[in-house]
Amino acid sequence: MSLLAVDGIAKAYGGVEAVAGVSFALAEGEFVALIGPNGAGKTTCFNMLGGQIRPDRGTVRFEGHDITGASPRRIARLGVARTFQITQSFASMSVRENVQLALIAHHRRVFSFLPRAAALYRPEATALLERVGMADQAERQCGILAYGDLKRVELALALAQAPRLLLMDEPTAGMAAQERLTLMALAAGLARAQDISLLFTEHDMDVVFAHADRIIVLDRGRILAEGPPAAVRADRRVREVYLGSGAMFAA
Amino acid sequence: MDFVVIQLLNGLASASSLFLVACGLSIIFGVTRIVNFAHGSFYMLGAYIAYSLVELLPRTPLGFWGGVALAALAVGAIGGAVEIALLKRIYRAPELFQLLATFGVVLVVADLALKIWGAEELLAPRPPGLRGAVMILGRAFPQYDLLLIAVGPVVLAALWLLFHRTRWGALVRAATQDRDMVAALGVNQGRLFTGVFFLGSLLAGLGGALQLPREAANLQMDLSTIAEAFVITVVGGMGSIAGAYVAALLVAVLQAFGIVVFPKITLVLIFLVMAVVLAFRPYGLFGRAAAEPRAAGAEAQPLGAGDGRAWRWVVPGLALLAVLPPLAGGYAVSVVTEIVILALFAASLHFMMGPGGMPSFGHAAFFGLGAYGAALAARDVGAPMLLGLAVAPVAAALLALACGWFCVRLSGVYLAMLTLAVAQIVWSVAFQWTGITGGDNGILGVWPADWARGKTVFYLLTLLLCGGSLWLLRRIVFAPFGAALRGGRDAPRRAEASGIDLTAVRWTGFVIAALFAGLAGGLFAYSKGSVFPTYIAISRSIDALLMVLLGGIGTLAGPPVGAVVFVGLQEEISRYTDLWRLLLGLVIITLVVAFPEGIAGFAARWRRRAEGAT
Ligand SMILES: Nc1ncnc2c1ncn2[C@@H]1O[C@H](COP(=O)(O)OP(=O)(O)O)[C@@H](O)[C@H]1O
Ligand SMILES: [Mg+2]
């Protein structure tokens with residue numbers, strides 16, 4: 001049985017379908033890249049998987065549970081973590097407090113009113129920060145971090161949920177080329193080590209080809225092509241969609 | 001049938017003034033994102049200035065209409081001047097400080113109006129030529145009111161032309177949708193904002209002036225008008241002029257019929273309408289989510305670690321507080337008792353506004369309910385004081401539990417307005433349900449138990465309960481729950497995606513804030529020996545906001561500091577002059593311009609800088 005099974009999900013905005021019936025499956029331990037030009041519907045797809053948006057139709061199943069239209073909270077508790085295209089972190093708190101809060105939520109200790117949050121799950125938070133290379137900045141306030149560092153914090157927040165599946169929407173957007181490769185290598189390495197499956201969107205084809213077991217190409221809300229990297233790279237329709245940015249495929 | 005038609009016409013006539021004032025508020029908010037609390041004051045000024053001009057000018061139609069027009073222009077000029085002299089300096093400050101500045105203007109205008117026009121109600125005669133009545137279905141209906149009915153649609157049409165047929169209007173519309181775009185077009189934003197303030201204030205002044213022959217100018221107009229104008233803009237949708245007109249019609253017609261059909265609950269009616277509309281359409285009938293300002297109070301300011309270093313200040317401070325006032329004598333004890341109670345009231349509001357990111361314009365609902373809960377328990381059940389003090393927070397928390405579900409789904413101004421509606425509903429119940437609450441006369445004889453009757457003992461009890469509550473609130477802010485509350489304010493999507501039930505967290509936070517406000521209200525009732533509807537009035541909610549904002553939203557030390565400054569200023573100023581609101585208003589305005597992050601916030605930054613330098 002596949003870990004994630006998506007069947008015909010769709011979402012329309014004002015009559016225009018941003019996602020028009022997308023189906024795919026993701027096996028345990030698999031790394032899948034969802035690619036496509038801007039506006040193809042990748043983020044909308046992610047939001048339907050993560051519970052931020054309810055699909056107009058179609059179903060999403062995770063480990064056999066029907067999570068179509070479920071709340072982000074329920075989906076998170078079943079073992080799906082995500083990062084956002086526009087990073088979301090708790091800006092008024094320090095990096096460590098961010099991770100501590102994610103751990104507190106994961107351990108269902110939000111409704112406790114007297115202990116000091118700063119004293120809870122401290123070693124665990126530090127360990128997570130070490131893994132993403134942010135331990136040296138643990139005391140800094142998130143609101144003043146550099147963009148690339150925020151992405152790392154977000155990764156730590158997602159990992160704090162001990163997920164089975166990690167959804168990463170453009171994890172490397174807005175970064176320099178070298179930094180992109182490093183960050184994605186880090187994320188992929190951590191996911192492999194913990195048997196976390198990975199679904200990610202990405203514009204940098206070097207990053208995609210380096211880490212994806214399989215690629216799904218989305219265009220105007222529909223799946224255009226799907227398969228192993230080599231096959232997708234050779235696909236004529238995919239090349240047409242990317243016409244003009246063909247340089248990406250030169251690699 | 002004739003009765004229905006006449007009431008409908010009455011409603012339509014009232015709708016015009018409501019529309020004028022509400023659409024001015026809406027236009028100002030749409031472009032500048034300022035929630036102008038002084039808008040009701042501008043309406044009041046319109047009425048008073050029109051009164052003086054109409055008295056002064058010849059008693060001809062031209063004299064009347066000239067007076068009305070001049071009054072509107074004068075109020076427009078005053079609004080423009082306020083924008084230039086005050087608001088221009090603080091557009092970059094957090095929006096709550098802009099709010100605070102407009103409160104300052106409310107206070108200043110209130111005292112000036114009292115000084116200039118006196119406390120008596122002033123009614124102008126109808127204009128010559130429109131004094132008569134026409135017969136409609138066999139009933140007399142004033143000609144002047146018929147004219148007023150036409151004013152609403154005429155102004156609506158004029159505004160439509162202004163916004164759709166002139167370059168300036170197009171700019172205003174563009175700025176309402178996207179401020180940055182207008183800045184990018186290279187438009188002189190400063191002049192645009194001044195112009196919008198002029199127009200909005202002029203409309204408010206015109207509304208007040210036109211209403212004058214129907215409703216006497218009085219000093220309560222400012223707050224009652226702003227409350228109604230808020231309801232209308234929120235029901236119609238912030239920034240939507242057509243929405244404002246529809247909502248004004250809805251509210252005015254409902255009031256016209258309500259006063260006949262349910263005379264007991266007329267005051268509640270419009271706020272009930274608002275609560276229902278917001279529950280189903282969170283951005284109003286014609287509003288869009290885009291009009292939402294940044295969540296008030298959501299400026300991400302670190303709170304520090306809560307690692308207990310504050311004790312170095314708190315313990316000696318408490319010891320001094322316990323010893324000094326009793327030494328200074330009875331009057332000092334009364335004043336400090338009030339400060340301590342209000343500090344808890346302010347801290348409870350701060351809890352939801354600061355860490356919770358949930359601003360409230362109606363926090364007095366919970367304070368007042370606590371006070372009434374304690375008073376009713378004492379009078380009707382003969383509850384001893386300690387039981388009364390336990391009833392107070394429970395009563396407030398139950399109300400918060402009931403209305404919290406509606407409230408916490410909203411954010412920013414919409415949430416603030418809905419809490420205002422809740423407070424107005426509670427207020428009208430206290431005011432109109434005379435059988436139980438004594439109405440305007442309140443409930444007297446809420447005295448402390450014998451053992452606590454001495455001022456000093458009651459003070460020490462207050463200090464203990466309020467100090468303990470402040471300590472608890474602080475613990476909660478730094479506890480996992482408080483962290484989740486702050487996290488939900490900083491990044492709601494992240495919090496939900498991390499598995500936090502944000503609705504439950506915010507709802508609980510709302511109830512906690514109400515609980516402590518209720519305790520403060522209960523203590524206040526016993527300290528004064530009585531309760532009155534004014535405990536729930538808008539002005540008390542505003543007091544709490546002033547204390548929080550004066551102290552600074554970004555620090556837990558803010559509310560106590562704000563309470564000391566607020567009560568202290570009030571006491572000091574009223575010793576020398578009866579114009580204490582004027583002076584308080586000026587002080588607030590000065591503070592806002594000088595310390596846009598609040599007093600305690602400023603001190604905290606100053607200390608950080610000093611520490612960084614050593
Ligand atoms: N909230 C929204 N309202 C209206 N249209 C939207 C909304 N969100 C996305 N869209 C539209 O849906 C399409 C897909 O957007 P998105 O999923 O963000 O694409 P991608 O992430 O692939 O760039 C785009 O055409 C976008 O304009
Ligand atoms: Mg996207």
# chains A, B, ... in the order shown; residues from 1 in each chain; ligands from 1
>>> select_by_dssp(residues="segment 297-532 of chain B", states="strand (DSSP E or B)", output="JSON, numbers by chain")
{"B": [443, 444, 530, 531]}
>>> residues_near_ligand(ligand="ligand 1", cutoff="8 Å", atoms="only C-alpha atoms and all ligand atoms", output="number ranges by chain")
A: 12-14, 16-19, 35-46, 169, 218, 220-221
>>> write_last_selection(atoms="N, CA, C and O atoms", output="mmCIF file, in the first residue's frame")
data_model
loop_
_atom_site.group_PDB
_atom_site.id
_atom_site.type_symbol
_atom_site.label_atom_id
_atom_site.label_comp_id
_atom_site.auth_asym_id
_atom_site.auth_seq_id
_atom_site.Cartn_x
_atom_site.Cartn_y
_atom_site.Cartn_z
ATOM 1 N N ALA A 12 -10.795 25.144 -7.681
ATOM 2 C CA ALA A 12 -11.008 26.243 -8.619
ATOM 3 C C ALA A 12 -11.045 27.566 -7.880
ATOM 4 O O ALA A 12 -11.508 27.634 -6.745
ATOM 5 N N TYR A 13 -10.504 28.593 -8.513
ATOM 6 C CA TYR A 13 -10.645 29.961 -7.995
ATOM 7 C C TYR A 13 -11.424 30.770 -9.003
ATOM 8 O O TYR A 13 -10.970 30.946 -10.127
ATOM 9 N N GLY A 14 -12.599 31.218 -8.604
ATOM 10 C CA GLY A 14 -13.415 32.044 -9.491
ATOM 11 C C GLY A 14 -13.642 31.391 -10.846
ATOM 12 O O GLY A 14 -13.515 32.017 -11.879
ATOM 13 N N VAL A 16 -11.860 29.289 -12.462
ATOM 14 C CA VAL A 16 -10.671 28.758 -13.119
ATOM 15 C C VAL A 16 -10.047 27.684 -12.228
ATOM 16 O O VAL A 16 -9.795 27.933 -11.044
ATOM 17 N N GLU A 17 -9.832 26.525 -12.787
ATOM 18 C CA GLU A 17 -9.291 25.449 -11.962
ATOM 19 C C GLU A 17 -7.783 25.579 -11.832
ATOM 20 O O GLU A 17 -7.033 25.413 -12.798
ATOM 21 N N ALA A 18 -7.326 25.899 -10.623
ATOM 22 C CA ALA A 18 -5.894 25.997 -10.369
ATOM 23 C C ALA A 18 -5.293 24.598 -10.361
ATOM 24 O O ALA A 18 -4.171 24.377 -10.814
ATOM 25 N N VAL A 19 -6.049 23.659 -9.838
ATOM 26 C CA VAL A 19 -5.677 22.245 -9.908
ATOM 27 C C VAL A 19 -6.900 21.524 -10.453
ATOM 28 O O VAL A 19 -7.997 21.671 -9.928
ATOM 29 N N ILE A 35 7.174 19.276 -10.206
ATOM 30 C CA ILE A 35 7.708 20.462 -10.864
ATOM 31 C C ILE A 35 6.684 21.021 -11.833
ATOM 32 O O ILE A 35 5.680 20.379 -12.136
ATOM 33 N N GLY A 36 6.970 22.210 -12.305
ATOM 34 C CA GLY A 36 6.060 22.856 -13.245
ATOM 35 C C GLY A 36 6.294 24.348 -13.204
ATOM 36 O O GLY A 36 6.815 24.868 -12.220
ATOM 37 N N PRO A 37 5.890 25.031 -14.287
ATOM 38 C CA PRO A 37 6.128 26.479 -14.334
ATOM 39 C C PRO A 37 5.323 27.200 -13.245
ATOM 40 O O PRO A 37 4.431 26.616 -12.640
ATOM 41 N N ASN A 38 5.645 28.451 -13.028
ATOM 42 C CA ASN A 38 4.916 29.247 -12.034
ATOM 43 C C ASN A 38 3.429 29.265 -12.359
ATOM 44 O O ASN A 38 3.045 29.407 -13.511
ATOM 45 N N GLY A 39 2.609 29.097 -11.357
ATOM 46 C CA GLY A 39 1.169 29.112 -11.567
ATOM 47 C C GLY A 39 0.612 27.774 -12.004
ATOM 48 O O GLY A 39 -0.569 27.660 -12.312
ATOM 49 N N ALA A 40 1.448 26.734 -12.014
ATOM 50 C CA ALA A 40 0.985 25.427 -12.470
ATOM 51 C C ALA A 40 0.024 24.787 -11.478
ATOM 52 O O ALA A 40 -0.753 23.904 -11.827
ATOM 53 N N GLY A 41 0.092 25.224 -10.217
ATOM 54 C CA GLY A 41 -0.814 24.655 -9.222
ATOM 55 C C GLY A 41 -0.107 23.842 -8.157
ATOM 56 O O GLY A 41 -0.745 23.124 -7.386
ATOM 57 N N LYS A 42 1.216 23.981 -8.086
ATOM 58 C CA LYS A 42 1.985 23.172 -7.123
ATOM 59 C C LYS A 42 1.625 23.536 -5.684
ATOM 60 O O LYS A 42 1.323 22.654 -4.866
ATOM 61 N N THR A 43 1.648 24.837 -5.387
ATOM 62 C CA THR A 43 1.352 25.247 -4.014
ATOM 63 C C THR A 43 -0.082 24.888 -3.635
ATOM 64 O O THR A 43 -0.352 24.428 -2.525
ATOM 65 N N THR A 44 -0.994 25.075 -4.587
ATOM 66 C CA THR A 44 -2.388 24.718 -4.314
ATOM 67 C C THR A 44 -2.491 23.229 -3.983
ATOM 68 O O THR A 44 -3.200 22.836 -3.047
ATOM 69 N N CYS A 45 -1.770 22.404 -4.740
ATOM 70 C CA CYS A 45 -1.730 20.963 -4.446
ATOM 71 C C CYS A 45 -1.237 20.712 -3.025
ATOM 72 O O CYS A 45 -1.844 19.959 -2.253
ATOM 73 N N PHE A 46 -0.120 21.328 -2.696
ATOM 74 C CA PHE A 46 0.459 21.140 -1.367
ATOM 75 C C PHE A 46 -0.533 21.536 -0.287
ATOM 76 O O PHE A 46 -0.662 20.865 0.728
ATOM 77 N N ASP A 169 7.532 22.882 0.073
ATOM 78 C CA ASP A 169 7.150 23.725 -1.064
ATOM 79 C C ASP A 169 8.272 24.719 -1.332
ATOM 80 O O ASP A 169 8.499 25.634 -0.548
ATOM 81 N N LEU A 218 3.675 19.166 -13.523
ATOM 82 C CA LEU A 218 2.339 19.768 -13.477
ATOM 83 C C LEU A 218 2.319 20.949 -14.437
ATOM 84 O O LEU A 218 3.269 21.719 -14.505
ATOM 85 N N ARG A 220 -0.661 23.877 -15.783
ATOM 86 C CA ARG A 220 -2.023 24.402 -15.747
ATOM 87 C C ARG A 220 -2.972 23.457 -15.006
ATOM 88 O O ARG A 220 -4.040 23.103 -15.481
ATOM 89 N N GLY A 221 -2.524 23.001 -13.867
ATOM 90 C CA GLY A 221 -3.408 22.233 -13.005
ATOM 91 C C GLY A 221 -3.530 20.756 -13.330
ATOM 92 O O GLY A 221 -4.272 20.040 -12.664
#
>>> interface_residues(of="chain B", to="chain A", cutoff="7 Å", atoms="only C-alpha atoms", output="list in words")
Ala300, Gln301, Pro302, Arg475, Ile476, Phe478, Ala479, Pro480, Phe481, Ala483, Ala484, Gly487, Asp490, Ala491, Arg494, Glu496, Ala497, Ser498, Gly499, Ile500 and Asp501 of chain B
>>> select_by_dssp(residues="segment 106-180 of chain A", states="alpha helix (DSSP H)", output="PyMOL selection string")
chain A and resi 106+122-131+147-159+177-180
>>> residues_around(residues="Ser240 of chain B", least_positions_apart="6", cutoff="7 Å", atoms="only C-alpha atoms", output="PyMOL selection string")
chain B and resi 26+286-287
>>> write_last_selection(atoms="N, CA, C and O atoms", output="PDB file, in the first residue's frame")
ATOM      1  N   SER B  26     -14.951  54.846   6.961  1.00  0.00           N
ATOM      2  CA  SER B  26     -14.557  53.760   6.076  1.00  0.00           C
ATOM      3  C   SER B  26     -13.523  54.230   5.053  1.00  0.00           C
ATOM      4  O   SER B  26     -12.546  53.529   4.763  1.00  0.00           O
ATOM      5  N   PHE B 286     -20.052  43.597   2.382  1.00  0.00           N
ATOM      6  CA  PHE B 286     -19.390  43.919   1.121  1.00  0.00           C
ATOM      7  C   PHE B 286     -17.865  43.910   1.247  1.00  0.00           C
ATOM      8  O   PHE B 286     -17.174  44.343   0.358  1.00  0.00           O
ATOM      9  N   GLY B 287     -17.374  43.478   2.391  1.00  0.00           N
ATOM     10  CA  GLY B 287     -15.941  43.598   2.620  1.00  0.00           C
ATOM     11  C   GLY B 287     -15.170  42.421   2.055  1.00  0.00           C
ATOM     12  O   GLY B 287     -15.716  41.357   1.779  1.00  0.00           O
TER      13      GLY B 287
END
>>> residues_around(residues="Arg54 of chain A", least_positions_apart="5", cutoff="9 Å", atoms="only C-alpha atoms", output="PyMOL selection string")
chain A and resi 11+47-49+68-71
>>> closest_residue(among="B:Leu376, B:Ile49, B:Val253, B:Leu415", to="Ala525 of chain B", atoms="only C-alpha atoms")
B:Leu376
>>> residues_around(residues="Ala15 of chain B", least_positions_apart="2", cutoff="6 Å", atoms="only C-alpha atoms", output="list in words")
Leu12, Ala13, Ser17, Leu18, Phe19, Ala248, Leu249 and Ala252 of chain B
>>> write_last_selection(atoms="N, CA, C and O atoms", output="short mmCIF file (atom, residue, chain, number, x, y, z; two decimals), in the first residue's frame")
data_model
loop_
_atom_site.label_atom_id
_atom_site.label_comp_id
_atom_site.auth_asym_id
_atom_site.auth_seq_id
_atom_site.Cartn_x
_atom_site.Cartn_y
_atom_site.Cartn_z
N LEU B 12 -35.22 55.67 7.38
CA LEU B 12 -34.45 56.15 6.23
C LEU B 12 -33.82 57.51 6.53
O LEU B 12 -32.69 57.79 6.13
N ALA B 13 -34.57 58.36 7.25
CA ALA B 13 -34.04 59.68 7.57
C ALA B 13 -32.83 59.56 8.49
O ALA B 13 -31.82 60.24 8.30
N SER B 17 -27.59 60.31 8.13
CA SER B 17 -26.51 60.78 8.98
C SER B 17 -25.55 59.65 9.33
O SER B 17 -24.33 59.82 9.30
N LEU B 18 -26.14 58.50 9.67
CA LEU B 18 -25.30 57.35 9.99
C LEU B 18 -24.37 57.01 8.82
O LEU B 18 -23.19 56.72 9.00
N PHE B 19 -24.96 57.06 7.63
CA PHE B 19 -24.16 56.74 6.45
C PHE B 19 -23.02 57.74 6.28
O PHE B 19 -21.88 57.35 6.03
N ALA B 248 -26.08 51.15 6.90
CA ALA B 248 -26.74 52.26 7.59
C ALA B 248 -28.26 52.11 7.48
O ALA B 248 -29.00 52.30 8.44
N LEU B 249 -28.72 51.75 6.28
CA LEU B 249 -30.16 51.53 6.10
C LEU B 249 -30.65 50.43 7.01
O LEU B 249 -31.65 50.57 7.72
N ALA B 252 -30.56 51.58 10.71
CA ALA B 252 -31.51 52.64 11.05
C ALA B 252 -32.94 52.11 11.00
O ALA B 252 -33.76 52.42 11.87
#
>>> residues_around(residues="Ala27 of chain A", least_positions_apart="3", cutoff="7 Å", atoms="only C-alpha atoms", output="PyMOL selection string")
chain A and resi 2-4+30
>>> residues_around(residues="segment 222-225 of chain A", least_positions_apart="2", cutoff="8 Å", atoms="only C-alpha atoms", output="list in words")
Val19, Ala20, Gly21, Val22, Ser23, Ala40, Ile216, Val217, Leu218, Asp219, Arg220, Gly227, Val232, Asp235, Arg237 and Val238 of chain A
>>> write_last_selection(atoms="C-alpha atoms", output="compact mmCIF listing (two decimals), in the first residue's frame")
# COMPACT_ATOMS: atom_id res chain seq x y z
CA VAL A 19 -5.68 22.25 -9.91
CA ALA A 20 -7.85 20.23 -12.26
CA GLY A 21 -7.92 16.61 -11.15
CA VAL A 22 -4.51 15.43 -10.05
CA SER A 23 -3.85 11.83 -9.06
CA ALA A 40 0.98 25.43 -12.47
CA ILE A 216 5.70 14.64 -11.58
CA VAL A 217 5.32 17.51 -14.01
CA LEU A 218 2.34 19.77 -13.48
CA ASP A 219 1.08 22.25 -16.04
CA ARG A 220 -2.02 24.40 -15.75
CA GLY A 227 8.25 9.05 -14.25
CA VAL A 232 10.90 13.04 -17.77
CA ASP A 235 9.81 13.93 -22.62
CA ARG A 237 5.93 17.83 -23.95
CA VAL A 238 7.87 18.68 -20.84
>>> atom_distance(atom1="atom CA of Gly76 of chain B", atom2="atom CA of Leu107 of chain B")
18.6 Å
>>> closest_residue(among="A:Leu128, A:Leu159, A:Met134, A:Ile86", to="Thr172 of chain A", atoms="only C-alpha atoms")
A:Ile86
>>> closest_residue(among="B:Leu285, B:Pro355, B:Ile588, B:Ala81", to="Arg486 of chain B", atoms="only C-alpha atoms")
B:Pro355
>>> closest_residue(among="A:Glu226, A:Glu170, A:Glu139, A:Glu179", to="ligand 2", atoms="only C-alpha atoms and all ligand atoms")
A:Glu170
>>> atom_distance(atom1="atom CA of Gly189 of chain A", atom2="atom CA of Ala156 of chain A")
13.3 Å
>>> atom_distance(atom1="atom CA of Thr126 of chain A", atom2="atom CA of Arg180 of chain A")
23.5 Å
